[in-house]
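**Q** Input input31.cif, format and content: mmCIF, C-alpha atoms and all ligand atoms.
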data_entry
#
loop_
_atom_site.group_PDB
_atom_site.id
_atom_site.type_symbol
_atom_site.label_atom_id
_atom_site.label_comp_id
_atom_site.auth_asym_id
_atom_site.auth_seq_id
_atom_site.Cartn_x
_atom_site.Cartn_y
_atom_site.Cartn_z
ATOM 1 C CA MET A 1 -18.807 4.265 59.051
ATOM 2 C CA THR A 2 -16.251 1.600 58.395
ATOM 3 C CA LEU A 3 -16.970 -1.417 60.553
ATOM 4 C CA ASN A 4 -14.384 -4.167 60.833
ATOM 5 C CA GLY A 5 -12.902 -3.152 57.513
ATOM 6 C CA SER A 6 -16.126 -2.895 55.524
ATOM 7 C CA GLU A 7 -18.463 -0.016 54.859
ATOM 8 C CA ALA A 8 -21.515 -0.140 57.101
ATOM 9 C CA SER A 9 -24.570 2.048 56.887
ATOM 10 C CA VAL A 10 -27.436 2.141 59.359
ATOM 11 C CA GLU A 11 -30.189 4.643 60.012
ATOM 12 C CA ILE A 12 -30.156 5.786 63.619
ATOM 13 C CA GLU A 13 -31.846 8.164 66.002
ATOM 14 C CA PRO A 14 -29.575 11.015 67.180
ATOM 15 C CA SER A 15 -29.654 9.676 70.742
ATOM 16 C CA GLU A 16 -28.634 6.093 69.950
ATOM 17 C CA LEU A 17 -25.522 4.761 71.611
ATOM 18 C CA LEU A 18 -22.884 2.933 69.640
ATOM 19 C CA ILE A 19 -23.219 -0.176 71.833
ATOM 20 C CA ASP A 20 -26.926 -0.439 71.033
ATOM 21 C CA VAL A 21 -26.374 -0.074 67.317
ATOM 22 C CA LEU A 22 -23.615 -2.678 67.361
ATOM 23 C CA ARG A 23 -25.405 -5.226 69.531
ATOM 24 C CA ASP A 24 -29.061 -4.759 68.672
ATOM 25 C CA ARG A 25 -29.120 -3.543 65.100
ATOM 26 C CA LEU A 26 -25.986 -5.093 63.667
ATOM 27 C CA ARG A 27 -26.108 -8.198 65.898
ATOM 28 C CA LEU A 28 -22.457 -7.892 66.933
ATOM 29 C CA LYS A 29 -22.886 -9.332 70.404
ATOM 30 C CA GLY A 30 -19.179 -9.578 71.215
ATOM 31 C CA THR A 31 -19.255 -6.029 72.565
ATOM 32 C CA LYS A 32 -20.358 -6.436 76.174
ATOM 33 C CA ARG A 33 -22.433 -4.175 78.382
ATOM 34 C CA SER A 34 -21.856 -4.036 82.114
ATOM 35 C CA CYS A 35 -21.542 -0.767 84.035
ATOM 36 C CA ASP A 36 -23.015 1.486 81.327
ATOM 37 C CA VAL A 37 -21.139 4.462 82.773
ATOM 38 C CA GLN A 38 -17.672 4.251 81.185
ATOM 39 C CA VAL A 39 -16.022 2.527 84.134
ATOM 40 C CA CYS A 40 -15.543 -1.182 83.369
ATOM 41 C CA GLY A 41 -14.246 -1.371 79.786
ATOM 42 C CA ALA A 42 -16.434 -4.336 78.825
ATOM 43 C CA CYS A 43 -17.942 -2.345 75.972
ATOM 44 C CA THR A 44 -14.596 -1.218 74.530
ATOM 45 C CA VAL A 45 -14.324 -0.928 70.776
ATOM 46 C CA LEU A 46 -11.647 0.785 68.719
ATOM 47 C CA VAL A 47 -12.495 4.077 67.026
ATOM 48 C CA ASP A 48 -9.796 4.935 64.508
ATOM 49 C CA GLY A 49 -7.566 2.500 66.386
ATOM 50 C CA LEU A 50 -8.073 3.924 69.861
ATOM 51 C CA PRO A 51 -10.181 2.401 72.654
ATOM 52 C CA ALA A 52 -13.580 3.937 73.258
ATOM 53 C CA SER A 53 -16.445 2.997 75.568
ATOM 54 C CA SER A 54 -19.303 2.229 73.227
ATOM 55 C CA CYS A 55 -21.766 2.546 76.149
ATOM 56 C CA SER A 56 -20.923 6.233 76.336
ATOM 57 C CA THR A 57 -20.403 7.040 72.663
ATOM 58 C CA LEU A 58 -23.178 8.340 70.475
ATOM 59 C CA CYS A 59 -23.309 6.403 67.257
ATOM 60 C CA ALA A 60 -23.752 9.693 65.410
ATOM 61 C CA ASP A 61 -20.336 10.768 66.679
ATOM 62 C CA VAL A 62 -18.565 7.934 64.867
ATOM 63 C CA HIS A 63 -20.082 8.797 61.520
ATOM 64 C CA GLU A 64 -17.334 8.281 58.911
ATOM 65 C CA ARG A 65 -14.945 6.838 61.499
ATOM 66 C CA SER A 66 -13.381 3.385 61.504
ATOM 67 C CA ILE A 67 -14.794 1.027 64.155
ATOM 68 C CA THR A 68 -13.271 -2.287 65.170
ATOM 69 C CA THR A 69 -15.163 -4.731 67.352
ATOM 70 C CA ILE A 70 -13.957 -8.082 68.620
ATOM 71 C CA GLU A 71 -15.645 -9.708 65.619
ATOM 72 C CA GLY A 72 -13.152 -7.896 63.382
ATOM 73 C CA VAL A 73 -9.993 -9.027 65.151
ATOM 74 C CA ALA A 74 -9.560 -12.510 63.680
ATOM 75 C CA LYS A 75 -8.705 -12.385 59.990
ATOM 76 C CA ALA A 76 -9.719 -14.995 57.409
ATOM 77 C CA GLY A 77 -10.732 -17.369 60.170
ATOM 78 C CA LYS A 78 -7.371 -17.088 61.936
ATOM 79 C CA LEU A 79 -7.119 -15.768 65.458
ATOM 80 C CA ASP A 80 -5.063 -12.674 66.126
ATOM 81 C CA PRO A 81 -1.792 -13.143 68.071
ATOM 82 C CA VAL A 82 -3.339 -11.335 71.044
ATOM 83 C CA GLN A 83 -6.204 -13.817 71.078
ATOM 84 C CA ARG A 84 -3.765 -16.736 70.797
ATOM 85 C CA ALA A 85 -1.669 -15.423 73.677
ATOM 86 C CA PHE A 86 -4.747 -15.062 75.898
ATOM 87 C CA ILE A 87 -5.789 -18.636 75.109
ATOM 88 C CA ALA A 88 -2.283 -20.040 75.573
ATOM 89 C CA HIS A 89 -1.975 -18.430 79.009
ATOM 90 C CA GLY A 90 -5.509 -19.105 80.176
ATOM 91 C CA ALA A 91 -5.977 -15.352 80.496
ATOM 92 C CA LEU A 92 -9.752 -15.548 80.717
ATOM 93 C CA GLN A 93 -12.351 -17.242 82.811
ATOM 94 C CA CYS A 94 -15.925 -16.094 82.207
ATOM 95 C CA GLY A 95 -14.710 -14.118 79.188
ATOM 96 C CA PHE A 96 -16.950 -11.129 79.772
ATOM 97 C CA CYS A 97 -14.083 -8.638 79.897
ATOM 98 C CA THR A 98 -12.090 -10.382 77.170
ATOM 99 C CA PRO A 99 -13.360 -8.613 74.014
ATOM 100 C CA GLY A 100 -12.663 -5.185 75.478
ATOM 101 C CA MET A 101 -9.388 -6.329 76.962
ATOM 102 C CA ILE A 102 -8.134 -7.759 73.652
ATOM 103 C CA LEU A 103 -9.092 -4.635 71.721
ATOM 104 C CA ALA A 104 -7.339 -2.435 74.280
ATOM 105 C CA VAL A 105 -4.200 -4.607 74.039
ATOM 106 C CA LYS A 106 -4.266 -4.400 70.255
ATOM 107 C CA SER A 107 -4.446 -0.638 70.461
ATOM 108 C CA LEU A 108 -1.571 -0.500 72.936
ATOM 109 C CA LEU A 109 0.666 -2.707 70.780
ATOM 110 C CA GLU A 110 -0.015 -0.497 67.756
ATOM 111 C CA LEU A 111 1.148 2.518 69.764
ATOM 112 C CA ASP A 112 3.995 0.745 71.549
ATOM 113 C CA PRO A 113 5.043 -2.723 70.323
ATOM 114 C CA HIS A 114 7.315 -3.218 73.338
ATOM 115 C CA PRO A 115 5.475 -1.854 76.368
ATOM 116 C CA SER A 116 6.788 -2.377 79.871
ATOM 117 C CA GLU A 117 4.648 -4.128 82.494
ATOM 118 C CA GLU A 118 4.012 -0.729 84.048
ATOM 119 C CA THR A 119 2.835 0.657 80.710
ATOM 120 C CA ILE A 120 0.547 -2.338 80.170
ATOM 121 C CA ARG A 121 -0.969 -1.949 83.631
ATOM 122 C CA HIS A 122 -1.494 1.757 83.037
ATOM 123 C CA TYR A 123 -3.026 1.329 79.583
ATOM 124 C CA LEU A 124 -5.454 -1.344 80.784
ATOM 125 C CA ARG A 125 -6.537 0.551 83.894
ATOM 126 C CA GLY A 126 -9.958 1.132 82.331
ATOM 127 C CA ASN A 127 -10.588 -2.563 81.675
ATOM 128 C CA ILE A 128 -11.862 -4.395 84.734
ATOM 129 C CA CYS A 129 -11.675 -8.175 85.074
ATOM 130 C CA ARG A 130 -13.678 -9.720 87.879
ATOM 131 C CA CYS A 131 -12.244 -13.223 87.474
ATOM 132 C CA THR A 132 -8.561 -13.530 86.701
ATOM 133 C CA GLY A 133 -6.820 -11.230 89.138
ATOM 134 C CA TYR A 134 -5.015 -9.875 86.037
ATOM 135 C CA VAL A 135 -1.993 -12.145 86.568
ATOM 136 C CA LYS A 136 -2.646 -14.366 83.559
ATOM 137 C CA ILE A 137 -3.614 -11.394 81.435
ATOM 138 C CA LEU A 138 -0.319 -9.671 82.196
ATOM 139 C CA GLU A 139 1.602 -12.905 81.609
ATOM 140 C CA ALA A 140 -0.058 -13.346 78.222
ATOM 141 C CA ILE A 141 0.694 -9.819 77.072
ATOM 142 C CA LEU A 142 4.278 -9.826 78.317
ATOM 143 C CA ASP A 143 4.965 -13.182 76.658
ATOM 144 C CA LEU A 144 3.455 -11.922 73.408
ATOM 145 C CA VAL A 145 5.620 -8.800 73.588
ATOM 146 C CA GLN A 146 8.788 -10.769 74.390
ATOM 147 C CA ASN A 147 8.133 -13.751 72.118
ATOM 148 C CA PRO A 148 5.902 -12.563 69.279
ATOM 149 C CA SER A 149 6.873 -15.405 66.944
ATOM 150 C CA ARG A 150 5.214 -17.891 69.336
ATOM 151 C CA TYR A 151 1.830 -16.468 68.452
ATOM 152 C CA GLN A 152 2.138 -15.934 64.727
ATOM 153 C CA THR A 153 0.735 -19.295 63.700
ATOM 154 C CA GLU A 154 -2.581 -20.962 64.409
ATOM 155 C CA THR A 155 -0.888 -23.975 65.962
ATOM 156 C CA GLN A 156 0.421 -22.021 68.946
HETATM 157 S S1 LIG B 201 -20.306 -0.965 79.894
HETATM 158 FE FE1 LIG B 201 -19.199 0.650 78.991
HETATM 159 S S2 LIG B 201 -17.557 1.033 80.325
HETATM 160 FE FE2 LIG B 201 -18.761 -0.457 81.357
HETATM 161 S S1 LIG B 202 -12.577 -13.233 82.621
HETATM 162 FE FE1 LIG B 202 -14.407 -12.850 83.743
HETATM 163 S S2 LIG B 202 -14.416 -10.687 83.952
HETATM 164 FE FE2 LIG B 202 -12.503 -11.118 83.078
#
Translate the structure of the given file into C-alpha cells.
**A**
Amino acid sequence: MTLNGSEASVEIEPSELLIDVLRDRLRLKGTKRSCDVQVCGACTVLVDGLPASSCSTLCADVHERSITTIEGVAKAGKLDPVQRAFIAHGALQCGFCTPGMILAVKSLLELDPHPSEETIRHYLRGNICRCTGYVKILEAILDLVQNPSRYQTETQ
C-alpha cells in the first residue's frame, strides 16, 4: 500500500485490522482506538482520500490503496491549514478525536472546498468529540473555509 505518500509493505495475517497494523506494527500511534465498532470516528484514516474506520477495516482490503494517517498530514515539518485552524480556534481539548476529525475535514474540503455549516455537520456526523461541544470545531472549519489565506503560513 501507499502510506502517507510512500510505499509501505508489511506481512499480515488475513484477519488483521488496519488499526492494529498502523499502531502496533508501523508504530503510527496517531490513529486512535475507542469504540472499536465503527461509531466514534477516533480511528479514522483516509483510504484513497475518503474517511474509513480503521477499527473495522481489514488491512488486506487496503492492499494497493493509498492510506493517509494523521502523521501524513503535515508536510515538510509544516502543519496543514486544517491543523492550524484547529489550533488557532482552540478546537481541541484532550485531542483524542482530533486526528480523525482533521482527516475527515481534509476529505470534506477536497470534495467541497466551500461547504456550508449544515454540510460540515453532516459530513462529521461520524466523528464524536466528548470534550468540545463541537462549537470550536465548527468555528475553526468555517473560518478556514471563509478565510483560507489566514492559515496558509506557519505563523498563523
Ligand atoms: S474506534 Fe473505530 S470508529 Fe470508534
Ligand atoms: S477533544 Fe477530547 S474528544 Fe474531542
**Q** Take the PyMOL selection byres (((chain A and resi 96) around 10) and not hetatm), run it mentally on this structure, and tell me the resulting residues as number ranges by chain.
**A** A: 30-34, 42-43, 92-95, 97-101, 128-131
**Q** Tell me, as a ChimeraX atom specification, which residues lie within 10 Å of Leu79 of chain A, counting all atoms listed in the file; anything in the same chain fewer than 4 positions away does not count.
**A** /A:73-75,83-85,151-154
**Q** Taking all atoms of ligand LIG 202 (chain B) that the file lists, what box with edges along x, y and z, padded by 8 Å per side, do you get, with centre and edge lengths in Å to one decimal, as JSON?
**A**
{"center_x": -13.5, "center_y": -12.0, "center_z": 83.3, "size_x": 17.9, "size_y": 18.5, "size_z": 17.3}
**Q** Using all atoms listed in the file, I'd like a table of the residues in chain A that come within 8 Å of ligand LIG 201 (chain B); for each, show the closest atom pair and its distance in Å rounded to one decimal, ordered by chain and ascending number, as CSV.
**A**
residue,atom,partner,partner_atom,distance
A:Lys32,CA,B:LIG201,S1,6.6
A:Arg33,CA,B:LIG201,S1,4.1
A:Ser34,CA,B:LIG201,S1,4.1
A:Cys35,CA,B:LIG201,FE2,3.9
A:Asp36,CA,B:LIG201,S1,3.9
A:Val37,CA,B:LIG201,S2,5.5
A:Gln38,CA,B:LIG201,S2,3.3
A:Val39,CA,B:LIG201,S2,4.4
A:Cys40,CA,B:LIG201,FE2,3.9
A:Gly41,CA,B:LIG201,S2,4.1
A:Ala42,CA,B:LIG201,FE2,5.2
A:Cys43,CA,B:LIG201,FE1,4.4
A:Thr44,CA,B:LIG201,FE1,6.7
A:Ser53,CA,B:LIG201,FE1,5.0
A:Ser54,CA,B:LIG201,FE1,6.0
A:Cys55,CA,B:LIG201,FE1,4.3
A:Ser56,CA,B:LIG201,FE1,6.4
A:Gly126,CA,B:LIG201,S2,7.9
A:Asn127,CA,B:LIG201,S2,8.0
**Q** How far is it from atom CA of His89 of chain A to atom CA of Val47 of chain A, in Å with one decimal?
**A**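 The value is 27.6 Å.
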**Q** Here is a test: counting only C-alpha atoms and all ligand atoms, which residue of A:Pro51, A:Thr132, A:Val105, A:Leu3 is nearest to ligand LIG 202 (chain B)?
**A**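 Using only C-alpha atoms and all ligand atoms, ligand LIG 202 (chain B) sits closest to A:Thr132.
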**Q** Could you spell out the hits of the PyMOL selection byres (((chain A and resi 139-149) around 10) and not hetatm) on the shown file, as JSON, numbers by chain?
**A** {"A": [81, 82, 83, 84, 85, 86, 87, 88, 89, 90, 91, 102, 105, 109, 112, 113, 114, 115, 116, 117, 120, 134, 135, 136, 137, 138, 150, 151, 152, 153, 156]}
**Q** Run the PyMOL selection byres (((chain A and resi 57-68) around 9) and not hetatm) mentally over the shown coordinates, then write out the matched residues as a PyMOL selection string, using the chain letters and numbers from the document.
**A** chain A and resi 1-5+12-21+45-49+52-56+69-73+103
**Q** Find the distance between atom CA of Ala8 of chain A and atom CA of Arg27 of chain A and write it in Å to one decimal.
**A**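 Between atom CA of Ala8 of chain A and atom CA of Arg27 of chain A the gap works out to 12.8 Å.
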**Q** Mind giving me the straight-line distance from atom CA of Glu118 of chain A to atom S2 of ligand LIG 202 (chain B) in Å, one decimal?
**A**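 Distance reported for this atom pair: 20.9 Å.
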**Q** With only C-alpha atoms and all ligand atoms as the atoms that count, which of A:Lys78, A:Leu26, A:Gly133, A:Leu50 lies nearest to ligand LIG 202 (chain B)?
**A**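 Of A:Lys78, A:Leu26, A:Gly133, A:Leu50, the one nearest ligand LIG 202 (chain B), counting only C-alpha atoms and all ligand atoms, is A:Gly133.
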**Q** Kindly write all heavy atoms of segment 139-151 of chain A from the structure just given to a file, as a short mmCIF file (atom, residue, chain, number, x, y, z; two decimals), in the first residue's frame.
**A**
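Saved to result22.cif:
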data_model
loop_
_atom_site.label_atom_id
_atom_site.label_comp_id
_atom_site.auth_asym_id
_atom_site.auth_seq_id
_atom_site.Cartn_x
_atom_site.Cartn_y
_atom_site.Cartn_z
N GLU A 139 -16.39 26.42 14.35
CA GLU A 139 -15.82 27.75 14.14
C GLU A 139 -14.52 27.66 13.34
O GLU A 139 -14.28 28.44 12.42
CB GLU A 139 -15.51 28.41 15.49
CG GLU A 139 -16.70 29.02 16.18
CD GLU A 139 -16.35 29.63 17.53
OE1 GLU A 139 -15.15 29.74 17.85
OE2 GLU A 139 -17.29 29.99 18.24
N ALA A 140 -13.67 26.71 13.72
CA ALA A 140 -12.38 26.57 13.04
C ALA A 140 -12.57 26.24 11.57
O ALA A 140 -11.92 26.84 10.69
CB ALA A 140 -11.56 25.48 13.74
N ILE A 141 -13.46 25.30 11.29
CA ILE A 141 -13.64 24.89 9.89
C ILE A 141 -14.27 26.01 9.08
O ILE A 141 -13.84 26.30 7.95
CB ILE A 141 -14.51 23.61 9.83
CG1 ILE A 141 -13.84 22.48 10.61
CG2 ILE A 141 -14.72 23.19 8.38
CD1 ILE A 141 -14.77 21.31 10.90
N LEU A 142 -15.28 26.66 9.64
CA LEU A 142 -15.94 27.74 8.90
C LEU A 142 -14.97 28.89 8.64
O LEU A 142 -14.96 29.48 7.55
CB LEU A 142 -17.16 28.23 9.68
CG LEU A 142 -18.37 27.28 9.62
CD1 LEU A 142 -19.42 27.68 10.66
CD2 LEU A 142 -18.98 27.26 8.22
N ASP A 143 -14.13 29.22 9.62
CA ASP A 143 -13.16 30.29 9.41
C ASP A 143 -12.14 29.90 8.34
O ASP A 143 -11.76 30.72 7.49
CB ASP A 143 -12.46 30.63 10.72
CG ASP A 143 -11.71 31.95 10.64
OD1 ASP A 143 -12.15 32.85 9.89
OD2 ASP A 143 -10.65 32.07 11.29
N LEU A 144 -11.72 28.65 8.37
CA LEU A 144 -10.78 28.17 7.34
C LEU A 144 -11.42 28.25 5.96
O LEU A 144 -10.77 28.66 4.98
CB LEU A 144 -10.37 26.73 7.66
CG LEU A 144 -9.52 26.02 6.62
CD1 LEU A 144 -8.19 26.74 6.40
CD2 LEU A 144 -9.28 24.57 7.03
N VAL A 145 -12.69 27.87 5.87
CA VAL A 145 -13.38 27.91 4.58
C VAL A 145 -13.54 29.35 4.09
O VAL A 145 -13.35 29.65 2.90
CB VAL A 145 -14.76 27.23 4.72
CG1 VAL A 145 -15.64 27.51 3.51
CG2 VAL A 145 -14.58 25.72 4.92
N GLN A 146 -13.87 30.25 5.02
CA GLN A 146 -14.15 31.64 4.63
C GLN A 146 -12.89 32.48 4.49
O GLN A 146 -12.86 33.46 3.74
CB GLN A 146 -15.10 32.27 5.65
CG GLN A 146 -16.51 31.68 5.55
CD GLN A 146 -17.32 31.84 6.83
OE1 GLN A 146 -16.90 32.54 7.76
NE2 GLN A 146 -18.46 31.17 6.91
N ASN A 147 -11.84 32.10 5.21
CA ASN A 147 -10.60 32.89 5.20
C ASN A 147 -9.38 31.98 5.05
O ASN A 147 -8.52 31.93 5.94
CB ASN A 147 -10.48 33.69 6.51
CG ASN A 147 -11.68 34.58 6.73
OD1 ASN A 147 -11.86 35.59 6.05
ND2 ASN A 147 -12.51 34.20 7.69
N PRO A 148 -9.29 31.27 3.94
CA PRO A 148 -8.22 30.27 3.81
C PRO A 148 -6.82 30.86 3.90
O PRO A 148 -5.91 30.20 4.40
CB PRO A 148 -8.48 29.64 2.44
CG PRO A 148 -9.36 30.60 1.72
CD PRO A 148 -10.16 31.30 2.75
N SER A 149 -6.66 32.11 3.45
CA SER A 149 -5.31 32.69 3.45
C SER A 149 -4.76 32.86 4.86
O SER A 149 -3.54 32.89 5.06
CB SER A 149 -5.30 34.03 2.71
OG SER A 149 -6.15 34.93 3.37
N ARG A 150 -5.65 32.95 5.87
CA ARG A 150 -5.20 33.08 7.25
C ARG A 150 -4.37 31.89 7.71
O ARG A 150 -3.60 31.99 8.66
CB ARG A 150 -6.40 33.15 8.19
CG ARG A 150 -6.97 34.51 8.33
CD ARG A 150 -8.03 34.51 9.42
NE ARG A 150 -8.75 35.77 9.35
CZ ARG A 150 -9.96 35.98 9.84
NH1 ARG A 150 -10.59 34.99 10.45
NH2 ARG A 150 -10.52 37.14 9.73
N TYR A 151 -4.59 30.76 7.06
CA TYR A 151 -4.00 29.51 7.57
C TYR A 151 -2.97 28.92 6.62
O TYR A 151 -2.60 27.76 6.75
CB TYR A 151 -5.12 28.51 7.86
CG TYR A 151 -6.08 29.08 8.87
CD1 TYR A 151 -7.31 29.59 8.47
CD2 TYR A 151 -5.73 29.17 10.21
CE1 TYR A 151 -8.18 30.16 9.40
CE2 TYR A 151 -6.58 29.74 11.14
CZ TYR A 151 -7.80 30.23 10.72
OH TYR A 151 -8.65 30.80 11.64
#
